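Pasting input.cif here (mmCIF, C-alpha atoms):
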```cif
data_structure
#
loop_
_atom_site.label_atom_id
_atom_site.label_comp_id
_atom_site.auth_asym_id
_atom_site.auth_seq_id
_atom_site.Cartn_x
_atom_site.Cartn_y
_atom_site.Cartn_z
CA MET A 104 -18.86 -95.43 -86.91
CA SER A 105 -17.74 -95.74 -90.52
CA THR A 106 -15.70 -92.83 -91.86
CA PRO A 107 -16.44 -91.24 -95.25
CA ARG A 108 -13.40 -93.07 -96.65
CA ASP A 109 -14.75 -96.38 -95.26
CA VAL A 110 -18.13 -95.78 -96.88
CA PHE A 111 -16.60 -94.95 -100.27
CA THR A 112 -14.48 -98.11 -100.06
CA ALA A 113 -17.56 -100.21 -99.27
CA LEU A 114 -19.43 -98.60 -102.17
CA SER A 115 -16.68 -99.11 -104.73
CA ASP A 116 -15.95 -102.64 -103.48
CA GLY A 117 -19.64 -103.50 -103.86
CA ILE A 118 -19.75 -102.14 -107.42
CA SER A 119 -16.55 -103.97 -108.39
CA GLU A 120 -17.90 -107.22 -106.94
CA GLY A 121 -21.31 -106.81 -108.58
CA ARG A 122 -23.24 -106.68 -105.29
CA PHE A 123 -25.65 -104.06 -106.64
CA GLY A 124 -28.52 -105.14 -104.44
CA ASP A 125 -26.55 -104.27 -101.30
CA LEU A 126 -25.36 -100.79 -102.23
CA SER A 127 -28.39 -98.68 -101.33
CA ALA A 128 -27.86 -99.62 -97.66
CA LEU A 129 -24.86 -97.27 -97.73
CA TYR A 130 -27.16 -94.30 -98.41
CA ALA A 131 -29.37 -92.36 -96.01
CA GLU A 132 -33.12 -92.78 -96.35
CA ASP A 133 -33.44 -89.20 -97.68
CA THR A 134 -30.19 -89.16 -99.67
CA VAL A 135 -29.69 -86.96 -102.74
CA VAL A 136 -27.49 -88.15 -105.60
CA GLU A 137 -26.71 -85.71 -108.40
CA HIS A 138 -25.14 -86.37 -111.79
CA PRO A 139 -24.20 -82.89 -113.07
CA GLN A 140 -22.95 -84.20 -116.44
CA ALA A 141 -25.61 -86.86 -117.04
CA VAL A 142 -26.88 -87.47 -120.57
CA PRO A 143 -28.58 -85.43 -121.90
CA ARG A 144 -29.27 -83.22 -118.88
CA PRO A 145 -28.27 -83.25 -115.19
CA THR A 146 -30.21 -85.62 -112.94
CA ARG A 147 -31.03 -85.66 -109.24
CA ILE A 148 -32.09 -88.87 -107.50
CA ARG A 149 -33.85 -88.57 -104.15
CA GLY A 150 -34.21 -91.31 -101.58
CA ARG A 151 -32.73 -94.71 -100.88
CA ALA A 152 -35.42 -96.54 -102.85
CA ALA A 153 -34.60 -94.62 -106.03
CA VAL A 154 -30.89 -95.29 -105.54
CA HIS A 155 -31.63 -99.01 -105.13
CA GLU A 156 -33.63 -99.01 -108.35
CA ARG A 157 -30.79 -97.36 -110.23
CA PHE A 158 -28.16 -99.79 -108.99
CA THR A 159 -30.22 -102.94 -109.56
CA GLY A 160 -31.73 -101.81 -112.85
CA ALA A 161 -29.81 -100.07 -115.61
CA LEU A 162 -26.34 -100.28 -114.09
CA ALA A 163 -26.40 -103.97 -113.15
CA ALA A 164 -27.88 -104.95 -116.51
CA THR A 165 -25.41 -103.11 -118.74
CA LEU A 166 -21.92 -102.94 -117.23
CA ARG A 167 -19.33 -104.86 -115.24
CA LEU A 168 -17.09 -102.42 -113.40
CA GLU A 169 -13.86 -102.83 -111.47
CA ARG A 170 -12.23 -99.83 -109.87
CA LYS A 171 -8.52 -98.99 -109.86
CA ASN A 172 -6.19 -96.00 -109.43
CA VAL A 173 -8.14 -94.70 -106.45
CA VAL A 174 -7.16 -91.37 -104.90
CA VAL A 175 -9.27 -90.16 -101.95
CA HIS A 176 -8.99 -86.52 -100.90
CA GLU A 177 -10.11 -85.81 -97.37
CA THR A 178 -11.28 -82.23 -96.92
CA THR A 179 -11.44 -79.69 -94.12
CA ASP A 180 -15.14 -80.54 -93.81
CA PRO A 181 -14.95 -83.89 -91.94
CA GLU A 182 -18.15 -85.11 -93.62
CA VAL A 183 -16.85 -84.59 -97.17
CA ILE A 184 -14.40 -86.55 -99.29
CA VAL A 185 -13.60 -86.37 -102.98
CA ALA A 186 -12.67 -89.64 -104.68
CA GLU A 187 -10.96 -89.93 -108.05
CA TYR A 188 -10.68 -93.36 -109.65
CA ASP A 189 -10.88 -95.32 -112.88
CA TYR A 190 -13.17 -98.17 -113.86
CA ASP A 191 -12.13 -101.09 -115.99
CA ALA A 192 -15.53 -101.41 -117.64
CA GLU A 193 -17.01 -104.22 -119.72
CA SER A 194 -20.32 -104.11 -121.57
CA VAL A 195 -22.56 -107.00 -120.56
CA GLU A 196 -24.11 -107.04 -124.04
CA THR A 197 -21.12 -106.56 -126.35
CA GLY A 198 -18.18 -107.74 -124.23
CA ARG A 199 -16.23 -104.65 -125.27
CA THR A 200 -14.02 -103.01 -122.65
CA THR A 201 -12.59 -99.61 -121.78
CA THR A 202 -11.04 -97.69 -118.92
CA ALA A 203 -13.17 -94.77 -117.77
CA ALA A 204 -12.37 -91.96 -115.33
CA ASN A 205 -14.66 -90.92 -112.48
CA ILE A 206 -14.78 -88.40 -109.64
CA GLN A 207 -17.29 -88.26 -106.78
CA VAL A 208 -17.97 -85.74 -104.03
CA LEU A 209 -19.49 -87.56 -101.07
CA ARG A 210 -21.01 -86.18 -97.89
CA VAL A 211 -21.27 -88.90 -95.24
CA ARG A 212 -23.10 -88.43 -91.96
CA ASP A 213 -23.57 -91.07 -89.25
CA GLY A 214 -21.97 -93.62 -91.56
CA LEU A 215 -24.38 -93.04 -94.48
CA ILE A 216 -24.16 -91.07 -97.73
CA VAL A 217 -26.51 -88.10 -97.40
CA HIS A 218 -25.41 -86.34 -100.59
CA SER A 219 -23.29 -87.26 -103.58
CA ARG A 220 -22.31 -85.55 -106.81
CA ASP A 221 -21.02 -88.10 -109.28
CA TYR A 222 -19.12 -87.34 -112.49
CA HIS A 223 -18.49 -90.18 -114.96
CA ASP A 224 -17.08 -90.67 -118.46
CA TYR A 225 -20.40 -91.30 -120.19
CA LEU A 226 -18.89 -91.24 -123.68
CA ARG A 227 -16.52 -94.16 -123.15
CA LEU A 228 -19.18 -96.15 -121.27
CA ALA A 229 -21.66 -95.61 -124.10
CA ALA A 230 -19.11 -96.44 -126.80
CA ILE A 231 -18.45 -99.96 -125.50
CA ARG A 232 -22.20 -100.60 -125.51
CA GLY A 233 -22.51 -99.40 -129.10
CA GLY A 234 -24.52 -96.44 -127.87
CA VAL A 235 -22.86 -93.40 -129.47
CA ASP A 236 -25.75 -92.85 -131.91
CA GLN A 237 -28.20 -92.96 -129.00
CA LEU A 238 -26.17 -90.27 -127.21
CA ALA A 239 -26.46 -87.97 -130.20
CA GLN A 240 -30.19 -88.60 -130.43
CA ALA A 241 -30.68 -87.91 -126.72
CA TYR A 242 -29.00 -84.52 -126.94
CA ALA A 243 -30.89 -83.63 -130.12
CA GLN A 244 -34.19 -84.23 -128.33
CA ALA A 245 -33.22 -82.65 -124.99
CA PRO A 246 -35.02 -79.60 -123.58
CA PRO A 247 -33.18 -76.27 -123.25
CA ARG A 248 -30.63 -76.17 -120.45
CA GLU A 249 -31.62 -74.55 -117.17
CA LEU A 250 -29.26 -71.83 -115.96
CA SER A 251 -28.36 -70.91 -112.37
CA PRO A 252 -27.74 -67.56 -110.71
CA VAL A 253 -24.33 -66.13 -111.52
CA THR A 254 -21.58 -66.48 -108.91
CA PRO A 255 -19.99 -63.06 -108.29
CA GLU A 256 -16.36 -62.81 -109.35
CA SER A 257 -13.79 -63.51 -106.66
CA ALA A 258 -10.00 -63.77 -106.69
CA GLY A 259 -9.78 -65.61 -103.39
CA THR A 260 -8.02 -68.69 -104.82
CA VAL A 261 -6.06 -69.40 -107.97
CA PHE A 262 -8.93 -71.68 -108.97
CA GLU A 263 -11.36 -68.75 -108.83
CA ARG A 264 -8.95 -66.52 -110.75
CA LEU A 265 -8.76 -69.21 -113.43
CA VAL A 266 -12.46 -69.86 -113.95
CA HIS A 267 -13.47 -66.21 -113.76
CA GLY A 268 -10.57 -65.36 -116.06
CA VAL A 269 -11.92 -67.79 -118.65
CA ALA A 270 -15.42 -66.37 -118.29
CA GLY A 271 -14.06 -62.83 -118.55
CA GLY A 272 -12.05 -63.56 -121.67
CA ARG A 273 -8.69 -62.78 -120.01
CA TRP A 274 -7.06 -65.59 -121.97
CA ASP A 275 -3.59 -64.09 -122.21
CA GLU A 276 -3.31 -63.82 -118.42
CA LEU A 277 -4.20 -67.43 -117.64
CA PRO A 278 -0.89 -69.25 -118.30
CA ALA A 279 0.73 -67.21 -115.51
CA LEU A 280 -1.56 -68.95 -113.01
CA TYR A 281 0.31 -72.22 -113.56
CA ALA A 282 3.66 -73.42 -112.22
CA LYS A 283 6.67 -74.07 -114.47
CA PRO A 284 6.41 -76.95 -115.19
CA THR A 285 2.80 -77.98 -114.57
CA HIS A 286 0.78 -81.11 -115.35
CA VAL A 287 -2.77 -80.59 -116.68
CA THR A 288 -4.99 -83.38 -118.00
CA HIS A 289 -8.58 -83.58 -119.26
CA PRO A 290 -9.79 -87.09 -118.37
CA PHE A 291 -13.16 -86.74 -120.14
CA LEU A 292 -11.71 -85.40 -123.43
CA PRO A 293 -10.52 -88.21 -125.73
CA GLY A 294 -7.10 -87.66 -127.21
CA ALA A 295 -6.31 -84.60 -125.10
CA PRO A 296 -2.55 -84.18 -124.59
CA VAL A 297 -0.94 -83.55 -121.22
CA VAL A 298 -0.21 -79.83 -120.89
CA ARG A 299 3.11 -79.16 -119.17
CA THR A 300 4.64 -75.84 -120.22
CA ARG A 301 3.61 -72.20 -120.40
CA ASP A 302 3.86 -72.36 -124.21
CA GLU A 303 1.50 -75.34 -124.28
CA LEU A 304 -0.85 -73.45 -121.97
CA ARG A 305 -0.80 -70.46 -124.31
CA GLU A 306 -1.73 -72.76 -127.18
CA HIS A 307 -4.47 -74.36 -125.10
CA PHE A 308 -6.05 -71.07 -124.09
CA ALA A 309 -5.62 -69.59 -127.59
CA ALA A 310 -8.13 -72.18 -128.81
CA GLY A 311 -10.66 -70.86 -126.30
CA LYS A 312 -9.87 -67.28 -127.24
CA ALA A 313 -10.54 -68.02 -130.91
CA LEU A 314 -14.03 -69.25 -130.07
CA ASP A 315 -14.71 -66.08 -128.05
CA PRO A 316 -17.36 -67.63 -125.78
CA ARG A 317 -19.33 -65.25 -123.57
CA PHE A 318 -19.65 -67.11 -120.29
CA THR A 319 -20.53 -66.42 -116.71
CA VAL A 320 -19.64 -68.66 -113.77
CA ALA A 321 -22.25 -70.36 -111.58
CA ASP A 322 -22.57 -72.89 -108.76
CA VAL A 323 -19.01 -72.59 -107.46
CA VAL A 324 -18.22 -75.02 -104.63
CA ILE A 325 -14.66 -75.24 -103.31
CA HIS A 326 -13.41 -78.20 -101.29
CA GLN A 327 -10.13 -77.55 -99.49
CA GLY A 328 -8.13 -80.69 -98.86
CA THR A 329 -6.63 -81.55 -95.50
CA ASP A 330 -3.48 -81.62 -97.61
CA PRO A 331 -3.10 -77.84 -97.88
CA GLU A 332 -1.90 -78.08 -101.48
CA VAL A 333 -5.08 -79.85 -102.66
CA LEU A 334 -8.12 -77.92 -103.85
CA ILE A 335 -11.15 -79.34 -105.67
CA GLY A 336 -13.49 -76.90 -107.36
CA GLU A 337 -16.96 -77.58 -108.78
CA PHE A 338 -18.59 -75.00 -111.04
CA ALA A 339 -20.40 -74.37 -114.30
CA TYR A 340 -19.77 -72.09 -117.24
CA GLN A 341 -23.01 -70.83 -118.70
CA GLY A 342 -24.30 -68.37 -121.26
CA GLU A 343 -25.77 -68.52 -124.77
CA TYR A 344 -24.70 -70.01 -128.09
CA ALA A 345 -26.68 -69.69 -131.32
CA GLY A 346 -29.59 -68.35 -129.31
CA ARG A 347 -29.72 -71.34 -126.97
CA PRO A 348 -28.77 -71.49 -123.27
CA VAL A 349 -25.43 -73.22 -122.67
CA ARG A 350 -24.26 -74.75 -119.40
CA ILE A 351 -21.04 -76.72 -118.93
CA ALA A 352 -20.59 -78.49 -115.58
CA ASN A 353 -17.01 -79.06 -114.44
CA ILE A 354 -14.95 -80.27 -111.52
CA PHE A 355 -11.20 -79.58 -111.29
CA ALA A 356 -8.90 -81.43 -108.91
CA MET A 357 -5.83 -79.25 -108.34
CA ARG A 358 -2.54 -79.23 -106.52
CA VAL A 359 -1.53 -75.64 -105.79
CA ARG A 360 2.02 -74.88 -104.72
CA ASP A 361 3.36 -71.40 -103.92
CA GLY A 362 0.11 -69.95 -105.25
CA LEU A 363 0.44 -71.60 -108.69
CA ILE A 364 -1.29 -74.62 -110.22
CA ALA A 365 1.29 -77.41 -110.19
CA GLU A 366 -1.17 -80.12 -111.24
CA SER A 367 -4.78 -80.18 -112.38
CA ARG A 368 -7.20 -82.82 -113.60
CA ASP A 369 -9.99 -80.95 -115.34
CA TYR A 370 -13.13 -83.08 -115.59
CA GLY A 371 -15.14 -80.95 -118.02
CA ASP A 372 -18.39 -81.91 -119.72
CA HIS A 373 -16.91 -82.28 -123.19
CA LEU A 374 -19.64 -84.76 -124.13
CA GLY A 375 -22.32 -82.22 -123.19
CA ILE A 376 -20.64 -79.54 -125.30
CA ALA A 377 -20.40 -81.88 -128.29
CA GLY A 378 -23.98 -83.03 -127.79
CA ASP A 379 -25.40 -79.54 -127.73
CA LEU A 380 -23.38 -78.60 -130.84
CA GLY A 381 -24.27 -81.77 -132.76
CA ARG A 382 -20.63 -82.96 -132.80
CA ILE A 383 -20.71 -86.24 -130.88
CA PRO A 384 -19.48 -88.34 -133.86
CA GLU A 385 -16.36 -86.16 -134.13
CA LEU A 386 -15.70 -86.48 -130.40
CA ALA A 387 -16.27 -90.24 -130.39
CA ALA A 388 -13.86 -90.63 -133.31
CA LYS A 389 -11.04 -89.53 -130.99
CA LEU A 390 -11.52 -92.52 -128.67
CA ALA A 391 -8.50 -94.80 -128.73
#
```
As structure tokens - that is how I would like this structure written.
Amino acid sequence: MSTPRDVFTALSDGISEGRFGDLSALYAEDTVVEHPQAVPRPTRIRGRAAVHERFTGALAATLRLERKNVVVHETTDPEVIVAEYDYDAESVETGRTTTAANIQVLRVRDGLIVHSRDYHDYLRLAAIRGGVDQLAQAYAQAPPRELSPVTPESAGTVFERLVHGVAGGRWDELPALYAKPTHVTHPFLPGAPVVRTRDELREHFAAGKALDPRFTVADVVIHQGTDPEVLIGEFAYQGEYAGRPVRIANIFAMRVRDGLIAESRDYGDHLGIAGDLGRIPELAAKLA
């Protein structure tokens, strides 16, 4: 029986080799594939046939993808893995290239993917296709965001203390949740610097404090790695801005040591924020 790691390897090998017609065989007949940060609103694909259509249609026709820098986190749930990786991506139409980050949460049962939540760098992939203007148009025409029930505050993990601290506006307390030194990156935010020190963290969180967002936290899912230092947390910030519902889907991949965040890769929906605020051109201008 194929392990979850085996199935992810077969999936990413197939994508890298362009065997799009074969990939749906890795999914269960009643599979569910979610894209929490999809443009312009989250999507949910149900069933192997729909997955096959997606792979052989839009994806095969627009991009050539080759994976690299793969890190697979096995979790204490033997069915679940979390895979971080990059794509070297080339637009079929324009020939332009980029490197784009990705993270997937896969549940594999009896050798088949029964559920997947996939997070991709849609901004960089659109930019090489000359599609930034289309992104802005898609968000401008999108329906209001749908909000989820609020997750009650918990301090069970440093991850939960962080996200609820942001939502609660406890900005000045947040740097103390990180080790000295730490290593924090934002793979989906073009031009974002690596944050390493408490002073840099204070500067980072001061920017959030100045905006004074009024958020709640929803849809928290925590994946504990078999490596006891590794924790992956999925969640959304949500609330209102300018009278409109706001929802920001995120997934953070953390290494926690002695109760402090020693490393974190924060895959936030910066494109979704910019899209809802009408600021995609400014965000795209930061692409290297």
Which polymer residues have any atom within 9 Å of an atom of segment 289-294 of chain A, counting only C-alpha atoms, with same-chain residues fewer than 6 positions away left out, as a ChimeraX atom specification?
/A:203-205,223-227,367-374,386-391
Could you turn the residues from that selection into a file that holds C-alpha atoms, as a PDB file, in the frame of the given file?
```pdb
ATOM      1  CA  ALA A 203     -13.170 -94.770-117.770  1.00  0.00           C
ATOM      2  CA  ALA A 204     -12.370 -91.960-115.330  1.00  0.00           C
ATOM      3  CA  ASN A 205     -14.660 -90.920-112.480  1.00  0.00           C
ATOM      4  CA  HIS A 223     -18.490 -90.180-114.960  1.00  0.00           C
ATOM      5  CA  ASP A 224     -17.080 -90.670-118.460  1.00  0.00           C
ATOM      6  CA  TYR A 225     -20.400 -91.300-120.190  1.00  0.00           C
ATOM      7  CA  LEU A 226     -18.890 -91.240-123.680  1.00  0.00           C
ATOM      8  CA  ARG A 227     -16.520 -94.160-123.150  1.00  0.00           C
ATOM      9  CA  SER A 367      -4.780 -80.180-112.380  1.00  0.00           C
ATOM     10  CA  ARG A 368      -7.200 -82.820-113.600  1.00  0.00           C
ATOM     11  CA  ASP A 369      -9.990 -80.950-115.340  1.00  0.00           C
ATOM     12  CA  TYR A 370     -13.130 -83.080-115.590  1.00  0.00           C
ATOM     13  CA  GLY A 371     -15.140 -80.950-118.020  1.00  0.00           C
ATOM     14  CA  ASP A 372     -18.390 -81.910-119.720  1.00  0.00           C
ATOM     15  CA  HIS A 373     -16.910 -82.280-123.190  1.00  0.00           C
ATOM     16  CA  LEU A 374     -19.640 -84.760-124.130  1.00  0.00           C
ATOM     17  CA  LEU A 386     -15.700 -86.480-130.400  1.00  0.00           C
ATOM     18  CA  ALA A 387     -16.270 -90.240-130.390  1.00  0.00           C
ATOM     19  CA  ALA A 388     -13.860 -90.630-133.310  1.00  0.00           C
ATOM     20  CA  LYS A 389     -11.040 -89.530-130.990  1.00  0.00           C
ATOM     21  CA  LEU A 390     -11.520 -92.520-128.670  1.00  0.00           C
ATOM     22  CA  ALA A 391      -8.500 -94.800-128.730  1.00  0.00           C
TER      23      ALA A 391
END
```
Output check: residues returned by the PyMOL selection byres ((chain A and resi 334) around 9), as a PyMOL selection string:
chain A and resi 178+262+325-328+330-333+335-336+355-359
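Going from atom CA of Arg301 of chain A over to atom CA of Ala365 of chain A, you cover 11.7 Å.
Residues selected in this file by the PyMOL selection byres ((chain A and resi 244) around 12) comprise Val142, Pro143, Arg144, Gln237, Leu238, Ala239, Gln240, Ala241, Tyr242, Ala243, Ala245, Pro246, Pro247, Arg248, Gly378, Asp379 and Gly381 of chain A.
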Measuring between only C-alpha atoms, which one of A:Ala309, A:Ile216, A:Ile118, A:Ile231 shows the shortest distance to Thr202 of chain A?
A:Ile231
Starting from the displayed file, determine the output of the PyMOL selection byres ((chain A and resi 121) around 9) and express the residue list as a list in words.
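Residues picked by the PyMOL selection byres ((chain A and resi 121) around 9): Asp116, Gly117, Ile118, Ser119, Glu120, Arg122, Phe123, Gly124, Ala163, Arg167, Leu168 and Glu169 of chain A.
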Taking into account all atoms listed in the file, which residue in the set A:Val174, A:Ile364, A:Ala345, A:Ala270 is nearest to Val287 of chain A?
A:Ile364
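As for atom CA of Val324 of chain A and atom CA of Tyr281 of chain A, they are spaced 20.8 Å apart.
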Which residues, written as JSON, numbers by chain, have at least one atom at most 6 Å from segment 125-140 of chain A, with only C-alpha atoms counted and residues fewer than 2 positions away on the same chain left out?
{"A": [122, 123, 145, 146, 147, 148, 149, 150, 151, 154, 155, 215, 216, 217, 218, 219, 220, 221]}
Nearest-residue call for Asp322 of chain A, choices A:Val208, A:Ala310, A:Ile351, A:Val185, using only C-alpha atoms
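The closest residue to Asp322 of chain A is A:Ile351.
With all atoms listed in the file as the atoms that count, the residue of A:Leu114, A:Val253, A:Leu280, A:Ile184 with the shortest distance to Phe338 of chain A is A:Val253.
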